[in-house]
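*Asks:* Just final-v9.txt, nothing more (compact mmCIF, C-alpha atoms):
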```txt
# COMPACT_ATOMS: atom_id res chain seq x y z
CA MET R 1 -25.43 -22.18 27.79
CA TYR R 2 -28.08 -24.26 26.07
CA ASN R 3 -28.48 -27.12 23.69
CA THR R 4 -31.55 -27.62 21.52
CA ARG R 5 -33.40 -29.11 24.46
CA GLY R 6 -33.29 -25.99 26.67
CA GLN R 7 -31.46 -22.85 27.69
CA THR R 8 -30.15 -21.04 30.73
CA PRO R 9 -29.21 -17.34 30.61
CA LEU R 10 -25.63 -16.42 31.49
CA THR R 11 -24.13 -12.95 32.02
CA GLN R 12 -22.73 -10.20 29.79
CA VAL R 13 -20.85 -6.92 29.18
CA GLY R 14 -20.33 -4.71 26.15
CA ARG R 15 -18.45 -1.74 24.72
CA PRO R 16 -19.38 0.22 21.58
CA ALA R 17 -17.18 0.24 18.49
CA TYR R 18 -18.92 0.86 15.19
CA SER R 19 -18.10 1.40 11.55
CA THR R 20 -19.50 4.38 9.66
CA ARG R 21 -19.34 2.64 6.27
CA MET R 22 -22.41 2.05 4.15
CA GLU R 23 -23.51 -1.51 4.83
CA HIS R 24 -23.84 -4.28 2.28
CA TYR R 25 -25.66 -7.44 3.33
CA ALA R 26 -23.05 -10.21 3.46
CA LEU R 27 -25.49 -13.14 3.05
CA HIS R 28 -27.32 -13.86 -0.18
CA GLY R 29 -31.05 -13.12 -0.31
CA GLY R 30 -33.88 -14.46 -2.43
CA ARG R 31 -35.17 -18.03 -2.24
CA ALA R 32 -31.89 -19.54 -1.01
CA GLY R 33 -31.67 -16.91 1.71
CA TYR R 34 -35.30 -17.61 2.65
CA ASP R 35 -34.57 -21.33 3.07
CA ARG R 36 -31.59 -20.62 5.31
CA LEU R 37 -33.71 -18.30 7.46
CA GLN R 38 -36.32 -21.07 7.80
CA LEU R 39 -33.64 -23.31 9.30
CA LEU R 40 -32.39 -20.51 11.55
CA ALA R 41 -35.92 -19.79 12.74
CA ARG R 42 -36.62 -23.43 13.60
CA ASP R 43 -33.39 -23.74 15.51
CA ARG R 44 -33.49 -20.48 17.46
CA TRP R 45 -37.22 -20.00 18.12
CA PRO R 46 -37.33 -21.73 21.56
CA VAL R 47 -34.75 -19.25 22.90
CA THR R 48 -36.47 -16.28 21.26
CA HIS R 49 -39.86 -17.41 22.57
CA ALA R 50 -38.51 -17.56 26.12
CA LEU R 51 -37.11 -14.05 25.70
CA LEU R 52 -40.40 -12.63 24.44
CA VAL R 53 -42.30 -14.21 27.32
CA ARG R 54 -39.84 -12.68 29.81
CA ALA R 55 -40.32 -9.32 28.11
CA GLY R 56 -44.10 -9.54 28.57
CA VAL R 57 -45.21 -9.98 24.96
CA GLY R 58 -48.83 -11.14 24.91
CA THR R 59 -52.32 -10.92 23.54
CA GLY R 60 -53.67 -7.69 22.10
CA GLN R 61 -50.35 -5.94 21.49
CA ARG R 62 -49.30 -4.15 18.30
CA CYS R 63 -45.82 -5.33 17.26
CA ILE R 64 -43.19 -4.69 14.62
CA ASP R 65 -40.53 -7.17 13.51
CA ILE R 66 -37.70 -5.14 11.97
CA GLY R 67 -35.65 -7.05 9.40
CA CYS R 68 -38.23 -9.84 9.38
CA GLY R 69 -36.77 -11.83 6.48
CA GLY R 70 -39.07 -14.71 5.58
CA GLY R 71 -41.43 -13.95 8.44
CA GLU R 72 -41.13 -17.06 10.60
CA VAL R 73 -40.56 -15.06 13.80
CA THR R 74 -43.25 -12.62 12.66
CA PHE R 75 -45.70 -15.52 12.54
CA GLU R 76 -44.71 -16.66 16.02
CA LEU R 77 -45.17 -13.12 17.31
CA ALA R 78 -48.60 -13.11 15.68
CA LYS R 79 -49.53 -16.23 17.66
CA LEU R 80 -48.37 -14.63 20.91
CA VAL R 81 -50.50 -11.49 20.42
CA ALA R 82 -53.56 -13.21 18.88
CA PRO R 83 -56.48 -12.92 18.66
CA TYR R 84 -56.60 -9.14 18.93
CA GLY R 85 -52.97 -8.11 18.42
CA VAL R 86 -51.26 -7.46 15.08
CA VAL R 87 -47.68 -7.68 13.80
CA VAL R 88 -45.99 -5.70 11.04
CA GLY R 89 -42.89 -7.21 9.45
CA ILE R 90 -40.52 -5.01 7.47
CA ASP R 91 -37.62 -6.05 5.25
CA MET R 92 -35.99 -4.87 2.02
CA ASP R 93 -35.89 -8.30 0.31
CA ASP R 94 -38.96 -8.43 -1.96
CA ILE R 95 -38.54 -12.15 -2.67
CA LYS R 96 -38.50 -13.11 1.00
CA LEU R 97 -41.50 -10.87 1.66
CA ALA R 98 -43.47 -12.43 -1.20
CA LEU R 99 -42.74 -15.89 0.20
CA ALA R 100 -43.75 -14.68 3.67
CA ARG R 101 -47.08 -13.40 2.34
CA GLU R 102 -47.68 -16.75 0.61
CA ALA R 103 -46.89 -18.61 3.83
CA ALA R 104 -49.25 -16.38 5.82
CA ALA R 105 -52.07 -17.09 3.37
CA ASP R 106 -51.35 -20.84 3.34
CA ARG R 107 -51.37 -20.99 7.14
CA GLY R 108 -54.40 -18.76 7.59
CA ILE R 109 -52.47 -16.17 9.61
CA THR R 110 -54.45 -12.97 9.22
CA ASN R 111 -52.99 -10.67 11.88
CA VAL R 112 -49.70 -9.98 10.03
CA GLU R 113 -48.69 -7.40 7.45
CA PHE R 114 -45.43 -7.34 5.49
CA GLN R 115 -43.91 -4.14 4.14
CA ALA R 116 -40.89 -3.62 1.88
CA ARG R 117 -38.88 -0.91 3.63
CA ASN R 118 -35.28 0.07 4.22
CA VAL R 119 -34.70 0.01 7.97
CA ASN R 120 -32.40 3.02 7.65
CA ASP R 121 -35.41 5.09 6.53
CA TRP R 122 -37.98 3.60 8.93
CA ASP R 123 -39.31 5.92 11.65
CA GLU R 124 -42.68 5.53 13.45
CA PRO R 125 -42.69 7.29 16.82
CA ALA R 126 -45.02 6.01 19.58
CA THR R 127 -46.67 3.40 17.33
CA TYR R 128 -46.01 -0.05 18.82
CA ASP R 129 -46.31 -1.98 22.08
CA VAL R 130 -43.47 -4.30 21.02
CA VAL R 131 -40.53 -3.25 18.83
CA PHE R 132 -38.45 -6.31 18.02
CA SER R 133 -35.36 -7.13 15.95
CA ARG R 134 -33.25 -10.26 15.68
CA TYR R 135 -29.82 -10.66 14.01
CA LEU R 136 -30.16 -7.40 12.07
CA LEU R 137 -27.91 -4.90 13.85
CA GLN R 138 -24.77 -6.92 13.06
CA HIS R 139 -25.24 -5.96 9.40
CA LEU R 140 -25.71 -2.21 9.95
CA SER R 141 -23.08 0.52 9.90
CA GLN R 142 -25.10 2.69 12.30
CA PRO R 143 -26.88 0.34 14.74
CA VAL R 144 -27.30 2.96 17.47
CA ALA R 145 -29.25 5.20 15.09
CA LEU R 146 -31.73 2.36 14.48
CA LEU R 147 -31.95 1.63 18.22
CA ARG R 148 -32.89 5.28 18.85
CA ARG R 149 -35.73 5.03 16.32
CA MET R 150 -36.81 1.67 17.74
CA TRP R 151 -36.99 3.16 21.24
CA SER R 152 -38.90 6.16 19.89
CA ALA R 153 -41.41 3.79 18.29
CA VAL R 154 -42.27 2.18 21.66
CA ARG R 155 -45.50 3.42 23.22
CA PRO R 156 -45.64 4.13 26.99
CA GLY R 157 -45.76 0.74 28.72
CA GLY R 158 -44.38 -0.99 25.64
CA VAL R 159 -41.08 -2.82 25.22
CA ILE R 160 -38.04 -2.91 22.93
CA VAL R 161 -36.56 -6.38 22.42
CA VAL R 162 -33.33 -7.10 20.51
CA GLU R 163 -31.33 -10.26 19.87
CA ASP R 164 -27.98 -10.25 18.13
CA ALA R 165 -24.84 -12.32 17.91
CA ASP R 166 -21.16 -12.13 18.71
CA HIS R 167 -19.66 -14.36 16.03
CA ASP R 168 -16.32 -14.60 17.82
CA GLY R 169 -18.23 -17.10 19.98
CA TRP R 170 -18.37 -19.83 17.32
CA GLY R 171 -16.29 -22.92 18.15
CA CYS R 172 -15.98 -26.63 17.55
CA HIS R 173 -14.31 -29.79 18.79
CA PRO R 174 -12.13 -31.33 17.57
CA ALA R 175 -10.39 -28.56 15.65
CA ASN R 176 -11.35 -28.42 11.97
CA GLU R 177 -9.85 -26.26 9.23
CA GLY R 178 -13.12 -26.07 7.30
CA PHE R 179 -14.91 -24.75 10.37
CA ALA R 180 -12.10 -22.27 11.06
CA PHE R 181 -12.43 -21.04 7.46
CA PHE R 182 -16.18 -20.53 7.94
CA ARG R 183 -15.73 -18.57 11.18
CA GLN R 184 -12.99 -16.34 9.80
CA THR R 185 -14.64 -15.56 6.45
CA PHE R 186 -18.09 -15.04 8.00
CA CYS R 187 -16.71 -12.42 10.40
CA GLN R 188 -14.74 -10.80 7.59
CA ALA R 189 -17.76 -10.75 5.26
CA ILE R 190 -19.93 -8.98 7.84
CA ASP R 191 -17.23 -6.43 8.62
CA ARG R 192 -16.37 -5.79 4.96
CA GLY R 193 -20.06 -5.12 4.38
CA GLY R 194 -20.00 -2.31 6.93
CA GLY R 195 -21.43 -4.30 9.83
CA ASP R 196 -19.94 -5.57 13.08
CA HIS R 197 -19.55 -9.30 13.59
CA ALA R 198 -19.15 -8.78 17.37
CA ILE R 199 -22.18 -6.49 17.86
CA GLY R 200 -23.75 -8.83 20.42
CA ARG R 201 -21.35 -7.99 23.24
CA LYS R 202 -21.93 -4.28 22.55
CA LEU R 203 -25.74 -4.31 22.70
CA TYR R 204 -26.06 -3.30 26.34
CA SER R 205 -23.85 -0.23 25.94
CA SER R 206 -25.53 0.50 22.60
CA PHE R 207 -28.90 0.68 24.36
CA ARG R 208 -27.49 3.28 26.75
CA GLU R 209 -25.92 5.23 23.88
CA ALA R 210 -29.31 5.23 22.15
CA GLY R 211 -30.92 6.87 25.19
CA ILE R 212 -32.44 3.75 26.74
CA PRO R 213 -31.77 4.23 30.47
CA ASP R 214 -31.19 0.62 31.45
CA ALA R 215 -31.80 -2.87 30.10
CA HIS R 216 -32.20 -6.52 31.00
CA VAL R 217 -29.49 -8.66 29.37
CA ASP R 218 -29.17 -12.41 28.92
CA LEU R 219 -26.65 -14.54 27.05
CA VAL R 220 -27.24 -17.94 25.49
CA VAL R 221 -24.93 -20.24 23.53
CA PRO R 222 -26.23 -22.89 21.08
CA LEU R 223 -24.66 -26.35 21.27
CA TYR R 224 -24.99 -28.90 18.46
CA LEU R 225 -24.14 -32.60 18.22
CA ALA R 226 -26.57 -34.17 15.76
CA ASP R 227 -29.25 -31.47 15.58
CA GLU R 228 -30.53 -29.80 12.41
CA GLY R 229 -28.95 -26.57 13.61
CA LYS R 230 -25.52 -28.15 13.26
CA THR R 231 -25.79 -27.48 9.52
CA LEU R 232 -26.02 -23.70 10.05
CA PRO R 233 -22.26 -23.05 9.62
CA LEU R 234 -22.30 -24.99 6.34
CA SER R 235 -25.41 -23.23 5.02
CA THR R 236 -23.98 -19.90 6.15
CA LEU R 237 -20.72 -20.59 4.31
CA ASP R 238 -22.77 -21.24 1.18
CA ALA R 239 -24.66 -17.99 1.80
CA ILE R 240 -21.50 -15.88 1.98
CA THR R 241 -19.57 -17.56 -0.86
CA ALA R 242 -20.47 -14.78 -3.30
CA THR R 243 -19.17 -12.21 -0.81
CA ILE R 244 -15.99 -14.23 -0.24
CA ARG R 245 -15.38 -14.09 -4.00
CA THR R 246 -16.29 -10.42 -4.37
CA GLU R 247 -14.09 -9.36 -1.45
CA ARG R 248 -11.32 -11.77 -2.51
CA LEU R 249 -11.16 -13.31 0.93
CA ALA R 250 -10.10 -16.70 -0.47
CA SER R 251 -9.40 -18.50 -3.72
CA GLU R 252 -11.82 -20.88 -5.42
CA GLU R 253 -9.60 -23.79 -4.41
CA GLU R 254 -9.65 -22.68 -0.77
CA ILE R 255 -13.43 -22.25 -0.80
CA THR R 256 -13.99 -25.70 -2.34
CA ALA R 257 -11.60 -27.45 0.04
CA ALA R 258 -13.01 -25.71 3.11
CA ARG R 259 -16.59 -26.50 2.18
CA ALA R 260 -15.83 -30.19 1.67
CA GLU R 261 -14.02 -30.36 5.01
CA LEU R 262 -16.80 -28.55 6.85
CA ALA R 263 -19.46 -30.79 5.25
CA ALA R 264 -17.65 -33.92 6.43
CA PHE R 265 -17.18 -32.44 9.91
CA THR R 266 -20.87 -31.53 10.10
CA ALA R 267 -21.90 -35.07 9.16
CA ASP R 268 -19.65 -36.60 11.85
CA LEU R 269 -21.97 -37.60 14.70
CA HIS R 270 -19.12 -37.27 17.19
CA SER R 271 -18.09 -33.72 16.30
CA LEU R 272 -19.38 -30.78 18.34
CA ILE R 273 -20.24 -27.27 17.20
CA PHE R 274 -21.22 -24.39 19.47
CA GLY R 275 -21.99 -20.70 19.11
CA PRO R 276 -22.37 -17.93 18.34
CA LEU R 277 -22.84 -15.95 21.57
CA ILE R 278 -26.43 -14.68 21.42
CA PHE R 279 -27.10 -11.54 23.45
CA GLN R 280 -30.72 -10.74 24.34
CA VAL R 281 -31.46 -7.21 25.52
CA TRP R 282 -34.84 -5.66 26.38
CA TRP R 283 -36.39 -2.81 28.32
CA GLN R 284 -39.88 -1.46 29.00
CA ARG R 285 -40.75 2.20 28.48
```
Written as structure tokens, that's how I'd like the structure from this file.

*Replies:*
Amino acid sequence: MYNTRGQTPLTQVGRPAYSTRMEHYALHGGRAGYDRLQLLARDRWPVTHALLVRAGVGTGQRCIDIGCGGGEVTFELAKLVAPYGVVVGIDMDDIKLALAREAAADRGITNVEFQARNVNDWDEPATYDVVFSRYLLQHLSQPVALLRRMWSAVRPGGVIVVEDADHDGWGCHPANEGFAFFRQTFCQAIDRGGGDHAIGRKLYSSFREAGIPDAHVDLVVPLYLADEGKTLPLSTLDAITATIRTERLASEEEITAARAELAAFTADLHSLIFGPLIFQVWWQR
């Protein structure tokens, strides 16, 4: 378990259970989606950084960040492999990619490249030293198929690194109906879109199903009291509101009431939010 001041890996298990439906991204994209990903990146980077260091990511390597979003993790990868390494970020959201390119230019980061690509069509065998993805597989109907292509893309001596969440692991204290609404509708929105809200616990077995012979696995759990990351459930609820309406998961009155209750709970300095369960899995070829 960890709070925003540090982390300690726990243990893990997993079993595969996947949908074959065509996926539909449950969270809104564009500028609002970019801003939410900025918050997520700030909150989760220390844990991701520790994972990448354990996996041996370092200077001179060629990397790919699959489902890179607004590129914040891509930029951090670029720092780790500088000055001679390069990072390619791929995503299908043109607005986020345009903002990522602007940010790279503003910050003078020259060893990154962003490409608009559908991850379901991506395939680059034996191309990268580091093949990385974070919080993407939960949205896919065929995550094992992507893992096979990710493993194929790893050069000899290179590494595959994946982080993803088990959203059953969200919790709070004291109990709050607005938070319960967020947790339930978020899981439903992912699943209705063809993804798997509990993919995290299944990553280890998914690696084996994808032909990866073994893997290192760690588990971390965020804990929030008054940190910026405490607003993630609220911003995520805002991000899935369109999906809640489209899938008729709740009425407008229920959405409005739940959001107000969750906002008040988030602002309460004595309330506690934790989760999701974040599974980190990696293996060297």

*Asks:* How many Å lie between CA of Gly275 in chain R and CA of Pro222 in chain R, rounded to one decimal?

*Replies:*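 Distance reported for this atom pair: 5.2 Å.
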
*Asks:* For a quick check of understanding, using only C-alpha atoms, which of R:Gly158, R:Trp170, R:Tyr204, R:Arg248 has the smallest distance to Arg192 in chain R?

*Replies:* R:Arg248

*Asks:* Pick from R:Val87, R:Leu269, R:Val73, R:Val161: nearest to Arg42 in chain R, with only C-alpha atoms counted?

*Replies:* R:Val73

*Asks:* Set the distance at 6 Å and use only C-alpha atoms: which residues neighbour range 195-199 of chain R once local chain neighbours fewer than 5 positions away are removed? I'd like the list as number ranges by chain.

*Replies:* R: 138-141, 166-167, 187, 190

*Asks:* If you measure from CA of Gly71 in chain R to CA of Leu97 in chain R, what distance in Å do you get, rounded to one decimal?

*Replies:*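 Calculated distance between CA of Gly71 in chain R and CA of Leu97 in chain R is 7.4 Å.
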
*Asks:* What does the distance from CA of Leu203 in chain R to CA of Tyr135 in chain R come to in Å, to one decimal?

*Replies:*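 Between these atoms lies a distance of 11.5 Å.
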
*Asks:* Using all atoms listed in the file for the distances, tell me which of R:Gly193, R:Val53, R:Ser205, R:Asn176 is nearest to Ala264 in chain R.

*Replies:* R:Asn176

*Asks:* I'd like to know which of R:Ser206, R:Asn118, R:Gln188, R:Thr246 is closest to Ala145 in chain R, using all atoms listed in the file.

*Replies:*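 Of R:Ser206, R:Asn118, R:Gln188, R:Thr246, the one nearest Ala145 in chain R is R:Ser206, counting all atoms listed in the file.
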
*Asks:* Show me as an NGL selection string the residues that reach within 7 Å of (-24.2, -27.6, 19.0), counting all atoms listed in the file and using the file's own coordinates.

*Replies:* :R and (3 or 222-225 or 230 or 272-274)

*Asks:* For Thr127 in chain R, which residue among R:Ala258, R:Leu234, R:Leu37, R:Cys63 is the nearest when counting all atoms listed in the file?

*Replies:*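 Among R:Ala258, R:Leu234, R:Leu37, R:Cys63, it is R:Cys63 that comes nearest to Thr127 in chain R.
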
*Asks:* Measuring atom to atom with only C-alpha atoms, identify which of R:Arg149, R:Glu228, R:Ala50, R:Val162 is nearest to Gln38 in chain R.

*Replies:*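 Of the candidates, the smallest distance to Gln38 in chain R is held by R:Glu228.
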
*Asks:* Which centre and which edge lengths, in Å to one decimal, describe the axis-aligned box that holds all listed atoms of range 71-89 of chain R after 4 Å is added on each side, as AutoDock Vina command-line options?

*Replies:*
```
--center_x -48.6 --center_y -11.4 --center_z 14.7 --size_x 24.0 --size_y 19.4 --size_z 20.5
```

*Asks:* Could you add whatever atoms are missing so that range 91-117 of chain R carries N, CA and C atoms, then write the result as a PDB file, in the frame of the given file?

*Replies:*
```pdb
ATOM      1  N   ASP R  91     -38.875  -5.537   5.788  1.00  0.00           N
ATOM      2  CA  ASP R  91     -37.620  -6.050   5.250  1.00  0.00           C
ATOM      3  C   ASP R  91     -37.440  -5.420   3.873  1.00  0.00           C
ATOM      4  N   MET R  92     -36.215  -5.458   3.343  1.00  0.00           N
ATOM      5  CA  MET R  92     -35.990  -4.870   2.020  1.00  0.00           C
ATOM      6  C   MET R  92     -35.850  -5.933   0.930  1.00  0.00           C
ATOM      7  N   ASP R  93     -36.000  -7.219   1.287  1.00  0.00           N
ATOM      8  CA  ASP R  93     -35.890  -8.300   0.310  1.00  0.00           C
ATOM      9  C   ASP R  93     -37.283  -8.661  -0.196  1.00  0.00           C
ATOM     10  N   ASP R  94     -37.617  -8.219  -1.411  1.00  0.00           N
ATOM     11  CA  ASP R  94     -38.960  -8.430  -1.960  1.00  0.00           C
ATOM     12  C   ASP R  94     -39.286  -9.911  -2.130  1.00  0.00           C
ATOM     13  N   ILE R  95     -38.285 -10.728  -2.470  1.00  0.00           N
ATOM     14  CA  ILE R  95     -38.540 -12.150  -2.670  1.00  0.00           C
ATOM     15  C   ILE R  95     -38.925 -12.819  -1.356  1.00  0.00           C
ATOM     16  N   LYS R  96     -38.169 -12.536  -0.308  1.00  0.00           N
ATOM     17  CA  LYS R  96     -38.500 -13.110   1.000  1.00  0.00           C
ATOM     18  C   LYS R  96     -39.879 -12.647   1.465  1.00  0.00           C
ATOM     19  N   LEU R  97     -40.198 -11.384   1.232  1.00  0.00           N
ATOM     20  CA  LEU R  97     -41.500 -10.870   1.660  1.00  0.00           C
ATOM     21  C   LEU R  97     -42.633 -11.515   0.883  1.00  0.00           C
ATOM     22  N   ALA R  98     -42.434 -11.750  -0.409  1.00  0.00           N
ATOM     23  CA  ALA R  98     -43.470 -12.430  -1.200  1.00  0.00           C
ATOM     24  C   ALA R  98     -43.691 -13.846  -0.685  1.00  0.00           C
ATOM     25  N   LEU R  99     -42.619 -14.537  -0.355  1.00  0.00           N
ATOM     26  CA  LEU R  99     -42.740 -15.890   0.200  1.00  0.00           C
ATOM     27  C   LEU R  99     -43.406 -15.847   1.570  1.00  0.00           C
ATOM     28  N   ALA R 100     -43.120 -14.823   2.361  1.00  0.00           N
ATOM     29  CA  ALA R 100     -43.750 -14.680   3.670  1.00  0.00           C
ATOM     30  C   ALA R 100     -45.257 -14.463   3.516  1.00  0.00           C
ATOM     31  N   ARG R 101     -45.645 -13.637   2.561  1.00  0.00           N
ATOM     32  CA  ARG R 101     -47.080 -13.400   2.340  1.00  0.00           C
ATOM     33  C   ARG R 101     -47.778 -14.685   1.893  1.00  0.00           C
ATOM     34  N   GLU R 102     -47.116 -15.465   1.034  1.00  0.00           N
ATOM     35  CA  GLU R 102     -47.680 -16.750   0.610  1.00  0.00           C
ATOM     36  C   GLU R 102     -47.850 -17.682   1.803  1.00  0.00           C
ATOM     37  N   ALA R 103     -46.821 -17.742   2.654  1.00  0.00           N
ATOM     38  CA  ALA R 103     -46.890 -18.610   3.830  1.00  0.00           C
ATOM     39  C   ALA R 103     -48.006 -18.179   4.768  1.00  0.00           C
ATOM     40  N   ALA R 104     -48.172 -16.881   4.953  1.00  0.00           N
ATOM     41  CA  ALA R 104     -49.250 -16.380   5.820  1.00  0.00           C
ATOM     42  C   ALA R 104     -50.606 -16.805   5.280  1.00  0.00           C
ATOM     43  N   ALA R 105     -50.799 -16.691   3.973  1.00  0.00           N
ATOM     44  CA  ALA R 105     -52.070 -17.090   3.370  1.00  0.00           C
ATOM     45  C   ALA R 105     -52.289 -18.588   3.497  1.00  0.00           C
ATOM     46  N   ASP R 106     -51.238 -19.376   3.247  1.00  0.00           N
ATOM     47  CA  ASP R 106     -51.350 -20.840   3.340  1.00  0.00           C
ATOM     48  C   ASP R 106     -51.696 -21.292   4.751  1.00  0.00           C
ATOM     49  N   ARG R 107     -51.168 -20.592   5.752  1.00  0.00           N
ATOM     50  CA  ARG R 107     -51.370 -20.990   7.140  1.00  0.00           C
ATOM     51  C   ARG R 107     -52.579 -20.313   7.792  1.00  0.00           C
ATOM     52  N   GLY R 108     -53.227 -19.443   7.050  1.00  0.00           N
ATOM     53  CA  GLY R 108     -54.400 -18.760   7.590  1.00  0.00           C
ATOM     54  C   GLY R 108     -54.072 -17.762   8.677  1.00  0.00           C
ATOM     55  N   ILE R 109     -52.866 -17.164   8.613  1.00  0.00           N
ATOM     56  CA  ILE R 109     -52.470 -16.170   9.610  1.00  0.00           C
ATOM     57  C   ILE R 109     -52.886 -14.801   9.089  1.00  0.00           C
ATOM     58  N   THR R 110     -53.846 -14.201   9.742  1.00  0.00           N
ATOM     59  CA  THR R 110     -54.450 -12.970   9.220  1.00  0.00           C
ATOM     60  C   THR R 110     -54.035 -11.713   9.979  1.00  0.00           C
ATOM     61  N   ASN R 111     -53.344 -11.857  11.086  1.00  0.00           N
ATOM     62  CA  ASN R 111     -52.990 -10.670  11.880  1.00  0.00           C
ATOM     63  C   ASN R 111     -51.533 -10.244  11.658  1.00  0.00           C
ATOM     64  N   VAL R 112     -51.032 -10.435  10.407  1.00  0.00           N
ATOM     65  CA  VAL R 112     -49.700  -9.980  10.030  1.00  0.00           C
ATOM     66  C   VAL R 112     -49.783  -9.131   8.770  1.00  0.00           C
ATOM     67  N   GLU R 113     -48.828  -8.214   8.644  1.00  0.00           N
ATOM     68  CA  GLU R 113     -48.690  -7.400   7.450  1.00  0.00           C
ATOM     69  C   GLU R 113     -47.207  -7.253   7.148  1.00  0.00           C
ATOM     70  N   PHE R 114     -46.829  -7.453   5.881  1.00  0.00           N
ATOM     71  CA  PHE R 114     -45.430  -7.340   5.490  1.00  0.00           C
ATOM     72  C   PHE R 114     -45.234  -6.141   4.577  1.00  0.00           C
ATOM     73  N   GLN R 115     -44.202  -5.357   4.892  1.00  0.00           N
ATOM     74  CA  GLN R 115     -43.910  -4.140   4.140  1.00  0.00           C
ATOM     75  C   GLN R 115     -42.456  -4.153   3.674  1.00  0.00           C
ATOM     76  N   ALA R 116     -42.246  -3.766   2.418  1.00  0.00           N
ATOM     77  CA  ALA R 116     -40.890  -3.620   1.880  1.00  0.00           C
ATOM     78  C   ALA R 116     -40.382  -2.233   2.244  1.00  0.00           C
ATOM     79  N   ARG R 117     -39.421  -2.187   3.174  1.00  0.00           N
ATOM     80  CA  ARG R 117     -38.880  -0.910   3.630  1.00  0.00           C
ATOM     81  C   ARG R 117     -37.411  -1.059   3.975  1.00  0.00           C
TER      82      ARG R 117
END
```
